[in-house]
file structure.txt (compact mmCIF, C-alpha atoms and all ligand atoms)
# COMPACT_ATOMS: atom_id res chain seq x y z
CA MET A 1 -116.68 -121.76 -168.63
CA LYS A 2 -113.00 -120.70 -168.42
CA VAL A 3 -113.23 -116.95 -167.72
CA ILE A 4 -110.24 -114.59 -167.65
CA VAL A 5 -110.12 -110.85 -167.05
CA GLN A 6 -107.94 -108.68 -169.30
CA LYS A 7 -107.40 -105.11 -168.09
CA PHE A 8 -105.98 -102.47 -170.41
CA GLY A 9 -104.52 -99.36 -168.73
CA GLY A 10 -104.67 -95.80 -170.05
CA THR A 11 -101.70 -96.06 -172.40
CA SER A 12 -102.90 -99.47 -173.66
CA VAL A 13 -106.09 -97.94 -175.11
CA ALA A 14 -104.73 -94.48 -176.01
CA THR A 15 -104.43 -94.71 -179.82
CA PRO A 16 -105.92 -96.79 -182.66
CA ASP A 17 -102.57 -98.60 -183.04
CA VAL A 18 -102.31 -99.66 -179.44
CA ARG A 19 -106.03 -100.54 -179.29
CA ALA A 20 -105.40 -102.89 -182.22
CA LYS A 21 -102.79 -104.63 -180.05
CA ALA A 22 -105.27 -104.84 -177.16
CA VAL A 23 -107.90 -106.32 -179.48
CA GLN A 24 -105.36 -108.92 -180.62
CA LYS A 25 -104.71 -109.94 -176.99
CA VAL A 26 -108.46 -110.48 -176.54
CA ILE A 27 -108.74 -112.47 -179.77
CA ASN A 28 -105.74 -114.63 -178.76
CA ALA A 29 -107.43 -115.38 -175.43
CA ARG A 30 -110.62 -116.44 -177.25
CA LYS A 31 -108.60 -118.62 -179.60
CA SER A 32 -106.96 -120.28 -176.59
CA GLY A 33 -110.39 -121.33 -175.32
CA TYR A 34 -110.96 -118.63 -172.72
CA HIS A 35 -113.95 -116.35 -172.25
CA PRO A 36 -112.33 -112.93 -171.78
CA VAL A 37 -113.96 -110.13 -169.81
CA VAL A 38 -112.27 -106.83 -170.69
CA VAL A 39 -111.73 -103.92 -168.29
CA VAL A 40 -110.57 -100.57 -169.65
CA SER A 41 -109.10 -97.40 -168.16
CA ALA A 42 -109.68 -93.91 -169.52
CA MET A 43 -107.72 -93.32 -172.74
CA GLY A 44 -104.23 -91.81 -172.38
CA ARG A 45 -102.53 -89.83 -169.65
CA ASN A 46 -102.73 -86.25 -168.41
CA GLY A 47 -103.43 -83.92 -171.34
CA ALA A 48 -105.18 -86.53 -173.51
CA PRO A 49 -108.76 -85.29 -174.10
CA TYR A 50 -110.61 -87.97 -172.11
CA ALA A 51 -107.92 -88.88 -169.54
CA THR A 52 -108.92 -88.75 -165.86
CA ASP A 53 -106.53 -85.87 -165.07
CA THR A 54 -107.95 -83.87 -167.97
CA LEU A 55 -111.49 -84.34 -166.65
CA ILE A 56 -110.39 -83.28 -163.15
CA ALA A 57 -108.74 -80.16 -164.59
CA LEU A 58 -111.96 -79.36 -166.44
CA ALA A 59 -113.88 -79.32 -163.16
CA LYS A 60 -111.33 -76.91 -161.63
CA ASN A 61 -111.98 -74.28 -164.33
CA GLU A 62 -114.97 -72.81 -162.51
CA HIS A 63 -112.88 -72.02 -159.40
CA VAL A 64 -115.19 -73.73 -156.94
CA ASP A 65 -114.65 -77.01 -155.17
CA THR A 66 -116.46 -79.73 -157.11
CA HIS A 67 -118.56 -81.89 -154.80
CA PRO A 68 -117.11 -85.39 -154.48
CA ARG A 69 -120.31 -86.91 -155.91
CA GLU A 70 -120.18 -84.73 -159.01
CA LEU A 71 -116.42 -85.23 -159.42
CA ASP A 72 -116.97 -89.01 -159.46
CA LEU A 73 -119.70 -88.63 -162.05
CA LEU A 74 -117.33 -86.60 -164.21
CA MET A 75 -114.31 -88.88 -163.75
CA SER A 76 -116.34 -92.01 -164.54
CA CYS A 77 -116.96 -90.66 -168.06
CA GLY A 78 -113.34 -91.31 -169.11
CA GLU A 79 -113.67 -95.08 -168.65
CA ILE A 80 -117.19 -95.13 -170.16
CA ILE A 81 -115.90 -93.42 -173.33
CA SER A 82 -113.03 -95.89 -173.47
CA SER A 83 -115.37 -98.91 -173.16
CA VAL A 84 -117.43 -97.79 -176.16
CA ILE A 85 -114.34 -97.20 -178.30
CA MET A 86 -112.97 -100.61 -177.35
CA VAL A 87 -116.26 -102.30 -178.22
CA ASN A 88 -116.09 -100.70 -181.66
CA ALA A 89 -112.49 -101.87 -182.11
CA LEU A 90 -113.53 -105.46 -181.28
CA ARG A 91 -116.59 -105.32 -183.52
CA ALA A 92 -114.47 -104.03 -186.40
CA LYS A 93 -112.54 -107.32 -186.16
CA GLY A 94 -115.76 -109.34 -186.19
CA TYR A 95 -116.15 -109.96 -182.45
CA GLU A 96 -119.47 -109.01 -180.84
CA ALA A 97 -118.88 -107.01 -177.68
CA VAL A 98 -120.95 -104.96 -175.26
CA ALA A 99 -119.88 -101.93 -173.21
CA LEU A 100 -120.92 -101.81 -169.54
CA THR A 101 -120.53 -99.13 -166.90
CA GLY A 102 -119.33 -100.41 -163.52
CA GLY A 103 -122.94 -100.33 -162.28
CA GLN A 104 -124.23 -102.23 -165.31
CA ALA A 105 -121.53 -104.83 -164.65
CA GLY A 106 -123.08 -105.30 -161.18
CA ILE A 107 -120.39 -103.53 -159.11
CA ILE A 108 -122.02 -102.14 -155.97
CA THR A 109 -119.98 -99.84 -153.72
CA ASP A 110 -120.36 -97.75 -150.58
CA ASN A 111 -120.77 -93.99 -151.01
CA ASN A 112 -117.20 -93.04 -150.12
CA PHE A 113 -116.90 -90.88 -153.25
CA GLY A 114 -113.38 -90.69 -154.68
CA SER A 115 -112.26 -93.87 -152.97
CA ALA A 116 -115.31 -96.12 -152.79
CA ASN A 117 -115.12 -99.69 -151.54
CA ILE A 118 -116.72 -102.52 -153.49
CA LEU A 119 -119.44 -104.09 -151.33
CA ARG A 120 -120.44 -106.86 -153.72
CA ILE A 121 -120.65 -107.76 -157.38
CA ASN A 122 -123.65 -109.29 -159.10
CA PRO A 123 -122.10 -110.97 -162.16
CA ASP A 124 -125.40 -112.16 -163.75
CA ARG A 125 -125.34 -109.67 -166.59
CA ILE A 126 -121.71 -110.43 -167.47
CA TYR A 127 -122.48 -114.17 -167.52
CA MET A 128 -125.51 -113.51 -169.71
CA TYR A 129 -123.36 -111.77 -172.35
CA LEU A 130 -120.64 -114.42 -172.11
CA GLU A 131 -123.24 -117.12 -172.74
CA MET A 132 -124.47 -115.17 -175.76
CA GLY A 133 -120.88 -115.26 -177.10
CA LYS A 134 -120.36 -111.52 -176.57
CA ILE A 135 -117.29 -109.95 -175.01
CA PRO A 136 -118.20 -107.71 -172.05
CA VAL A 137 -116.08 -104.54 -171.95
CA VAL A 138 -116.40 -103.03 -168.49
CA ALA A 139 -115.53 -99.42 -167.68
CA GLY A 140 -112.89 -99.69 -164.92
CA PHE A 141 -112.46 -97.53 -161.81
CA GLN A 142 -116.17 -97.22 -161.01
CA GLY A 143 -119.23 -98.69 -159.38
CA VAL A 144 -122.64 -97.57 -158.22
CA THR A 145 -124.14 -97.17 -154.75
CA GLU A 146 -127.33 -98.93 -153.65
CA GLY A 147 -128.98 -95.54 -154.18
CA GLY A 148 -127.82 -95.31 -157.82
CA ASP A 149 -124.99 -92.78 -157.50
CA ILE A 150 -121.88 -93.42 -159.59
CA THR A 151 -118.68 -93.75 -157.54
CA THR A 152 -114.98 -94.12 -158.33
CA LEU A 153 -112.57 -96.52 -156.64
CA GLY A 154 -109.49 -94.30 -156.07
CA ARG A 155 -106.80 -93.29 -158.58
CA GLY A 156 -105.46 -96.29 -160.44
CA GLY A 157 -108.69 -98.12 -159.56
CA SER A 158 -109.23 -99.95 -162.87
CA ASP A 159 -106.83 -102.56 -161.47
CA THR A 160 -109.24 -102.95 -158.56
CA THR A 161 -112.16 -103.46 -160.96
CA ALA A 162 -110.19 -106.15 -162.80
CA ALA A 163 -109.25 -108.06 -159.64
CA ALA A 164 -112.76 -107.76 -158.17
CA LEU A 165 -114.36 -109.07 -161.38
CA GLY A 166 -111.75 -111.84 -161.44
CA LYS A 167 -112.87 -112.85 -157.97
CA ALA A 168 -116.60 -112.57 -158.71
CA LEU A 169 -116.27 -114.63 -161.90
CA SER A 170 -113.77 -117.14 -160.42
CA ALA A 171 -111.44 -116.25 -163.29
CA SER A 172 -108.49 -118.51 -164.09
CA PHE A 173 -106.23 -115.41 -163.97
CA VAL A 174 -106.27 -111.64 -164.39
CA GLU A 175 -104.02 -109.98 -166.98
CA ILE A 176 -103.01 -106.34 -166.45
CA TYR A 177 -101.65 -104.74 -169.63
CA THR A 178 -99.58 -101.60 -169.19
CA ASP A 179 -96.62 -99.71 -170.71
CA VAL A 180 -93.76 -101.52 -168.94
CA ASP A 181 -92.56 -105.14 -169.19
CA GLY A 182 -93.91 -106.14 -165.78
CA ILE A 183 -93.28 -105.29 -162.16
CA MET A 184 -89.71 -104.08 -161.96
CA THR A 185 -87.07 -103.64 -159.27
CA ALA A 186 -87.88 -99.88 -159.33
CA ASP A 187 -89.79 -97.42 -161.50
CA PRO A 188 -87.93 -97.66 -164.85
CA ARG A 189 -88.72 -93.99 -165.55
CA LEU A 190 -86.37 -93.02 -162.72
CA VAL A 191 -84.06 -96.03 -162.65
CA PRO A 192 -83.11 -96.88 -166.24
CA ASN A 193 -81.39 -100.17 -165.32
CA ALA A 194 -84.38 -101.53 -163.35
CA THR A 195 -85.18 -105.15 -164.27
CA VAL A 196 -88.38 -107.16 -164.52
CA LEU A 197 -89.21 -109.47 -161.62
CA LYS A 198 -90.62 -112.67 -163.11
CA HIS A 199 -92.42 -114.03 -160.09
CA LEU A 200 -93.55 -112.26 -156.94
CA THR A 201 -95.83 -113.09 -154.04
CA TYR A 202 -98.99 -111.12 -153.31
CA SER A 203 -97.48 -109.79 -150.09
CA GLU A 204 -94.32 -108.49 -151.81
CA VAL A 205 -96.36 -106.73 -154.49
CA PHE A 206 -98.78 -105.36 -151.92
CA GLN A 207 -95.86 -103.76 -150.05
CA MET A 208 -94.45 -102.32 -153.29
CA ALA A 209 -97.82 -100.89 -154.34
CA ASP A 210 -98.64 -99.63 -150.86
CA GLN A 211 -95.29 -97.80 -150.81
CA GLY A 212 -96.04 -96.08 -154.10
CA ALA A 213 -95.21 -98.42 -157.02
CA LYS A 214 -97.95 -97.22 -159.38
CA VAL A 215 -97.78 -100.25 -161.65
CA ILE A 216 -100.62 -101.94 -159.71
CA HIS A 217 -103.17 -100.75 -157.14
CA PRO A 218 -102.69 -102.23 -153.65
CA LYS A 219 -106.43 -103.01 -153.35
CA ALA A 220 -106.24 -105.11 -156.52
CA VAL A 221 -103.42 -107.14 -154.97
CA GLU A 222 -105.41 -107.62 -151.75
CA ILE A 223 -108.46 -108.86 -153.64
CA ALA A 224 -106.45 -111.26 -155.81
CA MET A 225 -104.68 -112.57 -152.69
CA SER A 226 -108.01 -113.16 -150.92
CA CYS A 227 -109.00 -115.72 -153.59
CA SER A 228 -105.54 -116.77 -154.84
CA ILE A 229 -106.20 -115.65 -158.42
CA PRO A 230 -102.88 -115.09 -160.24
CA LEU A 231 -102.24 -111.58 -161.53
CA ILE A 232 -100.09 -111.30 -164.64
CA ILE A 233 -98.64 -107.86 -165.43
CA LYS A 234 -97.52 -107.49 -169.05
CA ASN A 235 -96.47 -104.92 -171.61
CA ILE A 236 -99.10 -104.18 -174.28
CA ASN A 237 -96.22 -103.58 -176.71
CA GLY A 238 -94.74 -107.04 -176.90
CA ASN A 239 -95.16 -110.68 -176.08
CA GLY A 240 -92.91 -110.99 -173.02
CA PRO A 241 -94.00 -113.20 -170.11
CA GLY A 242 -94.34 -110.23 -167.72
CA THR A 243 -94.61 -110.72 -163.97
CA ILE A 244 -96.71 -113.42 -162.34
CA VAL A 245 -98.05 -112.54 -158.90
CA SER A 246 -99.28 -115.52 -156.90
CA SER A 247 -98.92 -117.27 -153.54
CA TYR A 248 -95.50 -118.27 -152.29
CA ASP A 249 -94.43 -121.44 -153.96
CA GLU A 250 -90.89 -122.76 -153.75
CA GLY A 251 -91.42 -124.43 -157.14
CA ASN A 252 -92.08 -121.11 -158.86
CA TYR A 253 -89.12 -119.48 -157.19
CA ALA A 254 -86.80 -122.35 -157.98
CA GLN A 255 -87.50 -121.87 -161.70
CA ASP A 256 -86.47 -118.23 -161.54
CA THR A 257 -82.86 -117.71 -162.42
CA GLU A 258 -83.11 -114.36 -160.62
CA TYR A 259 -83.98 -116.03 -157.30
CA ASP A 260 -81.28 -115.51 -154.70
CA PRO A 261 -82.04 -116.39 -151.07
CA ASN A 262 -79.39 -113.89 -149.94
CA GLN A 263 -81.14 -111.02 -151.67
CA VAL A 264 -82.69 -109.19 -148.71
CA VAL A 265 -84.04 -106.26 -150.72
CA THR A 266 -85.93 -107.14 -153.92
CA SER A 267 -87.28 -103.74 -154.99
CA ILE A 268 -87.34 -100.01 -154.24
CA SER A 269 -90.60 -98.01 -154.31
CA HIS A 270 -91.10 -94.30 -154.03
CA MET A 271 -93.87 -91.83 -153.22
CA LEU A 272 -93.61 -88.24 -154.44
CA ASN A 273 -95.12 -85.05 -153.03
CA ARG A 274 -95.07 -85.84 -149.32
CA THR A 275 -95.12 -83.04 -146.77
CA GLN A 276 -93.35 -83.50 -143.44
CA VAL A 277 -95.15 -81.86 -140.52
CA LEU A 278 -93.50 -81.02 -137.18
CA ILE A 279 -95.76 -79.95 -134.31
CA GLU A 280 -94.00 -78.62 -131.22
CA ASN A 281 -95.05 -77.77 -127.65
CA VAL A 282 -97.90 -80.27 -127.61
CA ASN A 283 -98.74 -82.58 -124.73
CA PRO A 284 -100.14 -86.08 -125.39
CA GLU A 285 -103.75 -84.97 -124.87
CA PHE A 286 -103.42 -82.21 -127.44
CA GLN A 287 -101.62 -84.58 -129.78
CA ASN A 288 -104.68 -86.83 -129.69
CA ILE A 289 -106.96 -83.93 -130.55
CA ILE A 290 -104.81 -83.03 -133.56
CA LEU A 291 -104.65 -86.62 -134.81
CA SER A 292 -108.43 -87.01 -134.43
CA ARG A 293 -109.10 -83.79 -136.38
CA LEU A 294 -106.84 -85.00 -139.19
CA ALA A 295 -108.66 -88.34 -139.31
CA GLU A 296 -112.11 -86.68 -139.29
CA ASN A 297 -111.00 -84.66 -142.30
CA GLY A 298 -109.87 -87.74 -144.19
CA ILE A 299 -106.15 -86.85 -144.01
CA SER A 300 -104.07 -89.96 -143.65
CA ILE A 301 -100.71 -89.69 -141.95
CA ASP A 302 -97.58 -91.74 -142.30
CA LEU A 303 -94.05 -91.99 -140.78
CA ILE A 304 -95.46 -91.00 -137.40
CA ASN A 305 -93.05 -90.27 -134.52
CA VAL A 306 -94.59 -89.15 -131.26
CA PHE A 307 -92.48 -87.65 -128.42
CA PRO A 308 -93.70 -86.32 -125.02
CA ASP A 309 -93.79 -82.71 -126.29
CA LYS A 310 -93.79 -82.90 -130.09
CA MET A 311 -94.72 -85.09 -133.02
CA ILE A 312 -93.57 -85.54 -136.59
CA PHE A 313 -95.50 -87.17 -139.42
CA THR A 314 -95.98 -86.90 -143.18
CA ILE A 315 -99.09 -86.22 -145.24
CA ASP A 316 -99.87 -86.10 -148.94
CA GLY A 317 -98.76 -82.71 -150.28
CA ASN A 318 -102.27 -82.18 -151.68
CA ASP A 319 -103.63 -82.22 -148.12
CA ALA A 320 -101.19 -79.57 -146.79
CA ASP A 321 -103.63 -76.62 -147.05
CA LYS A 322 -106.43 -78.59 -145.41
CA ALA A 323 -104.02 -79.57 -142.60
CA LYS A 324 -103.04 -75.90 -142.08
CA SER A 325 -106.70 -74.97 -141.72
CA ILE A 326 -106.97 -77.57 -138.96
CA PHE A 327 -103.78 -76.47 -137.09
CA GLU A 328 -104.40 -72.73 -137.18
CA PRO A 329 -107.62 -72.52 -135.12
CA LEU A 330 -105.98 -74.92 -132.62
CA MET A 331 -103.12 -72.39 -132.28
CA CYS A 332 -100.48 -75.08 -132.51
CA ARG A 333 -96.86 -74.36 -133.36
CA TYR A 334 -96.17 -76.22 -136.54
CA SER A 335 -93.76 -76.21 -139.46
CA MET A 336 -93.89 -78.05 -142.77
CA ILE A 337 -91.29 -79.25 -145.27
CA HIS A 338 -92.97 -79.58 -148.66
CA ASN A 339 -92.04 -81.62 -151.71
CA CYS A 340 -90.43 -84.56 -149.95
CA SER A 341 -90.28 -88.15 -151.25
CA LYS A 342 -90.58 -91.39 -149.37
CA ILE A 343 -88.21 -94.07 -150.64
CA SER A 344 -88.78 -97.66 -149.47
CA ALA A 345 -86.52 -100.68 -149.77
CA ILE A 346 -88.71 -103.80 -149.78
CA GLY A 347 -87.96 -107.48 -149.35
CA ASN A 348 -89.63 -110.45 -147.69
CA ARG A 349 -86.26 -111.89 -146.72
CA MET A 350 -85.26 -108.74 -144.80
CA ARG A 351 -87.03 -110.17 -141.75
CA GLY A 352 -84.56 -110.50 -138.88
CA VAL A 353 -81.47 -109.76 -141.01
CA PRO A 354 -79.28 -107.23 -139.18
CA GLY A 355 -77.55 -104.31 -140.89
CA VAL A 356 -80.05 -103.52 -143.67
CA MET A 357 -80.87 -100.05 -142.32
CA ALA A 358 -77.13 -99.35 -142.00
CA ARG A 359 -76.65 -100.23 -145.69
CA VAL A 360 -79.57 -98.00 -146.70
CA LEU A 361 -78.23 -95.02 -144.77
CA LYS A 362 -74.65 -95.59 -145.91
CA ALA A 363 -75.72 -95.63 -149.57
CA LEU A 364 -77.73 -92.42 -149.18
CA VAL A 365 -75.06 -90.55 -147.20
CA LYS A 366 -72.39 -91.59 -149.72
CA ASN A 367 -74.47 -89.84 -152.38
CA GLN A 368 -74.91 -86.68 -150.27
CA ILE A 369 -78.62 -87.34 -149.75
CA GLN A 370 -80.03 -85.91 -146.54
CA VAL A 371 -82.39 -88.24 -144.66
CA LEU A 372 -85.23 -86.36 -142.94
CA GLN A 373 -86.86 -89.34 -141.24
CA THR A 374 -86.87 -93.14 -141.30
CA ALA A 375 -89.25 -95.98 -140.47
CA ASP A 376 -89.05 -99.72 -140.75
CA SER A 377 -91.18 -102.86 -140.59
CA HIS A 378 -90.28 -106.53 -141.00
CA THR A 379 -90.23 -106.20 -144.78
CA THR A 380 -89.62 -102.50 -145.55
CA ILE A 381 -87.22 -99.71 -144.70
CA SER A 382 -88.45 -96.23 -145.61
CA CYS A 383 -86.60 -92.91 -145.70
CA LEU A 384 -88.03 -89.46 -146.20
CA ILE A 385 -85.78 -87.31 -148.40
CA LYS A 386 -86.04 -84.08 -150.37
CA GLY A 387 -88.01 -84.48 -153.61
CA GLU A 388 -85.12 -83.26 -155.75
CA ASP A 389 -83.01 -86.22 -154.56
CA THR A 390 -85.58 -88.87 -155.58
CA ALA A 391 -83.90 -90.30 -158.69
CA LYS A 392 -80.43 -90.17 -157.11
CA ALA A 393 -81.67 -91.96 -153.98
CA LEU A 394 -83.50 -94.65 -155.96
CA MET A 395 -80.40 -95.34 -158.02
CA ALA A 396 -78.16 -95.37 -154.95
CA LEU A 397 -80.31 -98.02 -153.23
CA HIS A 398 -80.80 -99.96 -156.46
CA ASP A 399 -76.99 -100.16 -156.80
CA GLU A 400 -76.37 -100.88 -153.13
CA PHE A 401 -78.65 -103.95 -153.24
CA LYS A 402 -77.44 -104.98 -156.73
CA LEU A 403 -80.91 -105.00 -158.25
CA HIS A 404 -79.73 -104.46 -161.82
CA ALA A 405 -79.63 -107.50 -164.12
CA ARG A 406 -77.50 -110.23 -162.66
P1 LIG A 501 -101.72 -97.95 -166.44
O1 LIG A 501 -102.33 -96.72 -167.03
O2 LIG A 501 -101.39 -98.99 -167.46
O3 LIG A 501 -102.48 -98.46 -165.27
P2 LIG A 501 -99.79 -96.75 -164.62
O4 LIG A 501 -99.18 -95.45 -165.00
O5 LIG A 501 -100.86 -96.74 -163.59
O6 LIG A 501 -100.28 -97.48 -165.95
O7 LIG A 501 -98.66 -97.76 -164.12
C1 LIG A 501 -97.55 -98.04 -164.95
C2 LIG A 501 -96.37 -97.17 -164.54
O8 LIG A 501 -95.96 -97.55 -163.23
C3 LIG A 501 -95.12 -97.37 -165.37
O9 LIG A 501 -95.14 -96.57 -166.53
C4 LIG A 501 -94.00 -97.01 -164.40
O10 LIG A 501 -93.49 -95.72 -164.65
C5 LIG A 501 -94.67 -97.01 -163.04
N1 LIG A 501 -93.97 -97.82 -162.02
C6 LIG A 501 -93.69 -97.41 -160.75
N2 LIG A 501 -93.05 -98.35 -160.07
C7 LIG A 501 -92.90 -99.41 -160.91
C8 LIG A 501 -92.30 -100.70 -160.78
N3 LIG A 501 -91.73 -101.11 -159.63
N4 LIG A 501 -92.33 -101.53 -161.84
C9 LIG A 501 -92.89 -101.13 -163.00
N5 LIG A 501 -93.47 -99.93 -163.19
C10 LIG A 501 -93.48 -99.07 -162.17
N1 LIG A 502 -108.34 -93.60 -165.02
C1 LIG A 502 -108.20 -93.78 -163.60
C2 LIG A 502 -106.97 -93.02 -163.10
O1 LIG A 502 -106.26 -92.40 -163.89
C3 LIG A 502 -108.17 -95.22 -163.20
C4 LIG A 502 -107.04 -96.05 -163.78
O2 LIG A 502 -106.38 -95.64 -164.74
O3 LIG A 502 -106.82 -97.15 -163.26
O4 LIG A 502 -106.72 -93.01 -161.93
MG MG A 503 -102.61 -97.83 -163.27
call {"tool": "encode", "arguments": {"input": "structure.txt", "output": "structure tokens", "more": "lines below"}}
Ligand code: ADP
Ligand code: ASP
Ligand code: MG
result
Amino acid sequence: MKVIVQKFGGTSVATPDVRAKAVQKVINARKSGYHPVVVVSAMGRNGAPYATDTLIALAKNEHVDTHPRELDLLMSCGEIISSVIMVNALRAKGYEAVALTGGQAGIITDNNFGSANILRINPDRIYMYLEMGKIPVVAGFQGVTEGGDITTLGRGGSDTTAAALGKALSASFVEIYTDVDGIMTADPRLVPNATVLKHLTYSEVFQMADQGAKVIHPKAVEIAMSCSIPLIIKNINGNGPGTIVSSYDEGNYAQDTEYDPNQVVTSISHMLNRTQVLIENVNPEFQNIILSRLAENGISIDLINVFPDKMIFTIDGNDADKAKSIFEPLMCRYSMIHNCSKISAIGNRMRGVPGVMARVLKALVKNQIQVLQTADSHTTISCLIKGEDTAKALMALHDEFKLHAR
């Protein structure tokens, strides 16, 4: 049985018109001899009645902190609603389909509510429906614990569901339908002349996603990489080839007219709403205590620079109040710069090439963008800047590395 997974993101299931396009993609797959398994996100974006952000806002109305277990239960409803609507859309075209929650699809997770990890998938029920000729439509972004509690997989987690089902079903490939033409050199909302990258390796896309490119969830990339299942990211509104993400293969690259071995930077990612934290007058022992407290409270830190008597790092802006409540009882001297952005230049061929950081800094300085902090690895160079400079900085780096259509 040739199984494929087709995932439709929030905007790809938002209206009857766009759902009709999604249904057509499923029908085309059937006509090409595949057995599609559909994964859906909650319908629409923030403000749409059943979108995830709308459900989160609903929980905030009572002015108490919603318990993570209950928040997951609430958030999971968005995808469940979407799965039923999608089943109806398929049935209206004469295709028998069946809606499944993550748990009904056999997705078992740990109980790390809000960001649960998939422990295993029992695909028996999905296979049963496929053998009956029905199209399973799985609610993305969710699973169930051994104890029966519903969990969610982290924001953007329907991609993770799609990749994990692809792996469990040994799918030929996983298609991710969204509202852009594929994975691009930068977020096209901020960089209007960003271009589609036709072929990328798992590791390049993982870096992009890990550094904030929302177009795909980093966990989905990791899962697909672990079993070498190709991921294809496509626009729901069109028939373009999109981006193929697979293992490194000279053959694939050679076919790409865009391929240029001298191109050290291939994309620019960004992360909004970062808070830079400076803690002064702290010895190494005290630094360890602070870092442990942050970890115990689930606050992840990034861009970490430790000196003998101070340290600097960044956290998600949403964690700033929690971090303050950790620092204050410890009486540490701290200051925070809110609303920063982390901009990252990414490229597998950056490895060992001198002068890339100099080009990054030169491009930012030339555009009067203040750099608050930097970090680098073999394949990324990241700069922390003020949030208001985000679009300007992305465009400056995009131009510097000539990422517009060549
Ligand atoms: P979906 O609901 O389909 O999962 P998302 O909003 O999660 O959609 O992801 C798609 C969005 O990702 C695009 O609308 C785009 O603004 C954003 N994005 C960020 N970085 C990139 C990039 N490098 N390439 C393409 N899109 C990107
Ligand atoms: N609906 C969830 C979210 O907005 C999951 C997803 O869209 O992938 O995060
Ligand atoms: Mg998404």
call {"tool": "residues_near_ligand", "arguments": {"input": "structure.txt", "ligand": "ligand MG 503 (chain A)", "cutoff": "9 Å", "atoms": "all atoms listed in the file", "output": "number ranges by chain"}}
result
A: 9-10, 41, 155-159, 178, 214-217
call {"tool": "residues_around", "arguments": {"input": "structure.txt", "residues": "Ala171 of chain A", "least_positions_apart": "4", "cutoff": "9 Å", "atoms": "all atoms listed in the file", "output": "ChimeraX atom specification"}}
result
/A:2-5,165-167,229
call {"tool": "write_last_selection", "arguments": {"input": "structure.txt", "atoms": "C-alpha atoms", "output": "PDB file, keeping the file's coordinate frame"}}
result
ATOM      1  CA  LYS A   2    -113.000-120.700-168.420  1.00  0.00           C
ATOM      2  CA  VAL A   3    -113.230-116.950-167.720  1.00  0.00           C
ATOM      3  CA  ILE A   4    -110.240-114.590-167.650  1.00  0.00           C
ATOM      4  CA  VAL A   5    -110.120-110.850-167.050  1.00  0.00           C
ATOM      5  CA  LEU A 165    -114.360-109.070-161.380  1.00  0.00           C
ATOM      6  CA  GLY A 166    -111.750-111.840-161.440  1.00  0.00           C
ATOM      7  CA  LYS A 167    -112.870-112.850-157.970  1.00  0.00           C
ATOM      8  CA  ILE A 229    -106.200-115.650-158.420  1.00  0.00           C
TER       9      ILE A 229
END
call {"tool": "residues_near_ligand", "arguments": {"input": "structure.txt", "ligand": "ligand LIG 501 (chain A)", "cutoff": "8 Å", "atoms": "only C-alpha atoms and all ligand atoms", "output": "JSON, numbers by chain"}}
result
{"A": [8, 9, 10, 11, 12, 41, 44, 45, 156, 158, 159, 176, 177, 178, 179, 180, 181, 182, 183, 184, 185, 186, 187, 188, 189, 190, 196, 208, 209, 212, 213, 214, 215, 216, 217, 267, 268, 269, 270]}
call {"tool": "write_last_selection", "arguments": {"input": "structure.txt", "atoms": "C-alpha atoms", "output": "short mmCIF file (atom, residue, chain, number, x, y, z; two decimals), in the frame of the given file"}}
result
data_model
loop_
_atom_site.label_atom_id
_atom_site.label_comp_id
_atom_site.auth_asym_id
_atom_site.auth_seq_id
_atom_site.Cartn_x
_atom_site.Cartn_y
_atom_site.Cartn_z
CA PHE A 8 -105.98 -102.47 -170.41
CA GLY A 9 -104.52 -99.36 -168.73
CA GLY A 10 -104.67 -95.80 -170.05
CA THR A 11 -101.70 -96.06 -172.40
CA SER A 12 -102.90 -99.47 -173.66
CA SER A 41 -109.10 -97.40 -168.16
CA GLY A 44 -104.23 -91.81 -172.38
CA ARG A 45 -102.53 -89.83 -169.65
CA GLY A 156 -105.46 -96.29 -160.44
CA SER A 158 -109.23 -99.95 -162.87
CA ASP A 159 -106.83 -102.56 -161.47
CA ILE A 176 -103.01 -106.34 -166.45
CA TYR A 177 -101.65 -104.74 -169.63
CA THR A 178 -99.58 -101.60 -169.19
CA ASP A 179 -96.62 -99.71 -170.71
CA VAL A 180 -93.76 -101.52 -168.94
CA ASP A 181 -92.56 -105.14 -169.19
CA GLY A 182 -93.91 -106.14 -165.78
CA ILE A 183 -93.28 -105.29 -162.16
CA MET A 184 -89.71 -104.08 -161.96
CA THR A 185 -87.07 -103.64 -159.27
CA ALA A 186 -87.88 -99.88 -159.33
CA ASP A 187 -89.79 -97.42 -161.50
CA PRO A 188 -87.93 -97.66 -164.85
CA ARG A 189 -88.72 -93.99 -165.55
CA LEU A 190 -86.37 -93.02 -162.72
CA VAL A 196 -88.38 -107.16 -164.52
CA MET A 208 -94.45 -102.32 -153.29
CA ALA A 209 -97.82 -100.89 -154.34
CA GLY A 212 -96.04 -96.08 -154.10
CA ALA A 213 -95.21 -98.42 -157.02
CA LYS A 214 -97.95 -97.22 -159.38
CA VAL A 215 -97.78 -100.25 -161.65
CA ILE A 216 -100.62 -101.94 -159.71
CA HIS A 217 -103.17 -100.75 -157.14
CA SER A 267 -87.28 -103.74 -154.99
CA ILE A 268 -87.34 -100.01 -154.24
CA SER A 269 -90.60 -98.01 -154.31
CA HIS A 270 -91.10 -94.30 -154.03
#
call {"tool": "atom_distance", "arguments": {"input": "structure.txt", "atom1": "atom CA of Met395 of chain A", "atom2": "atom CA of Ser246 of chain A"}}
result
27.7 Å
call {"tool": "closest_residue", "arguments": {"input": "structure.txt", "among": "A:Gly47, A:Ala164, A:Asp72, A:Met128", "to": "Gln142 of chain A", "atoms": "only C-alpha atoms"}}
result
A:Asp72
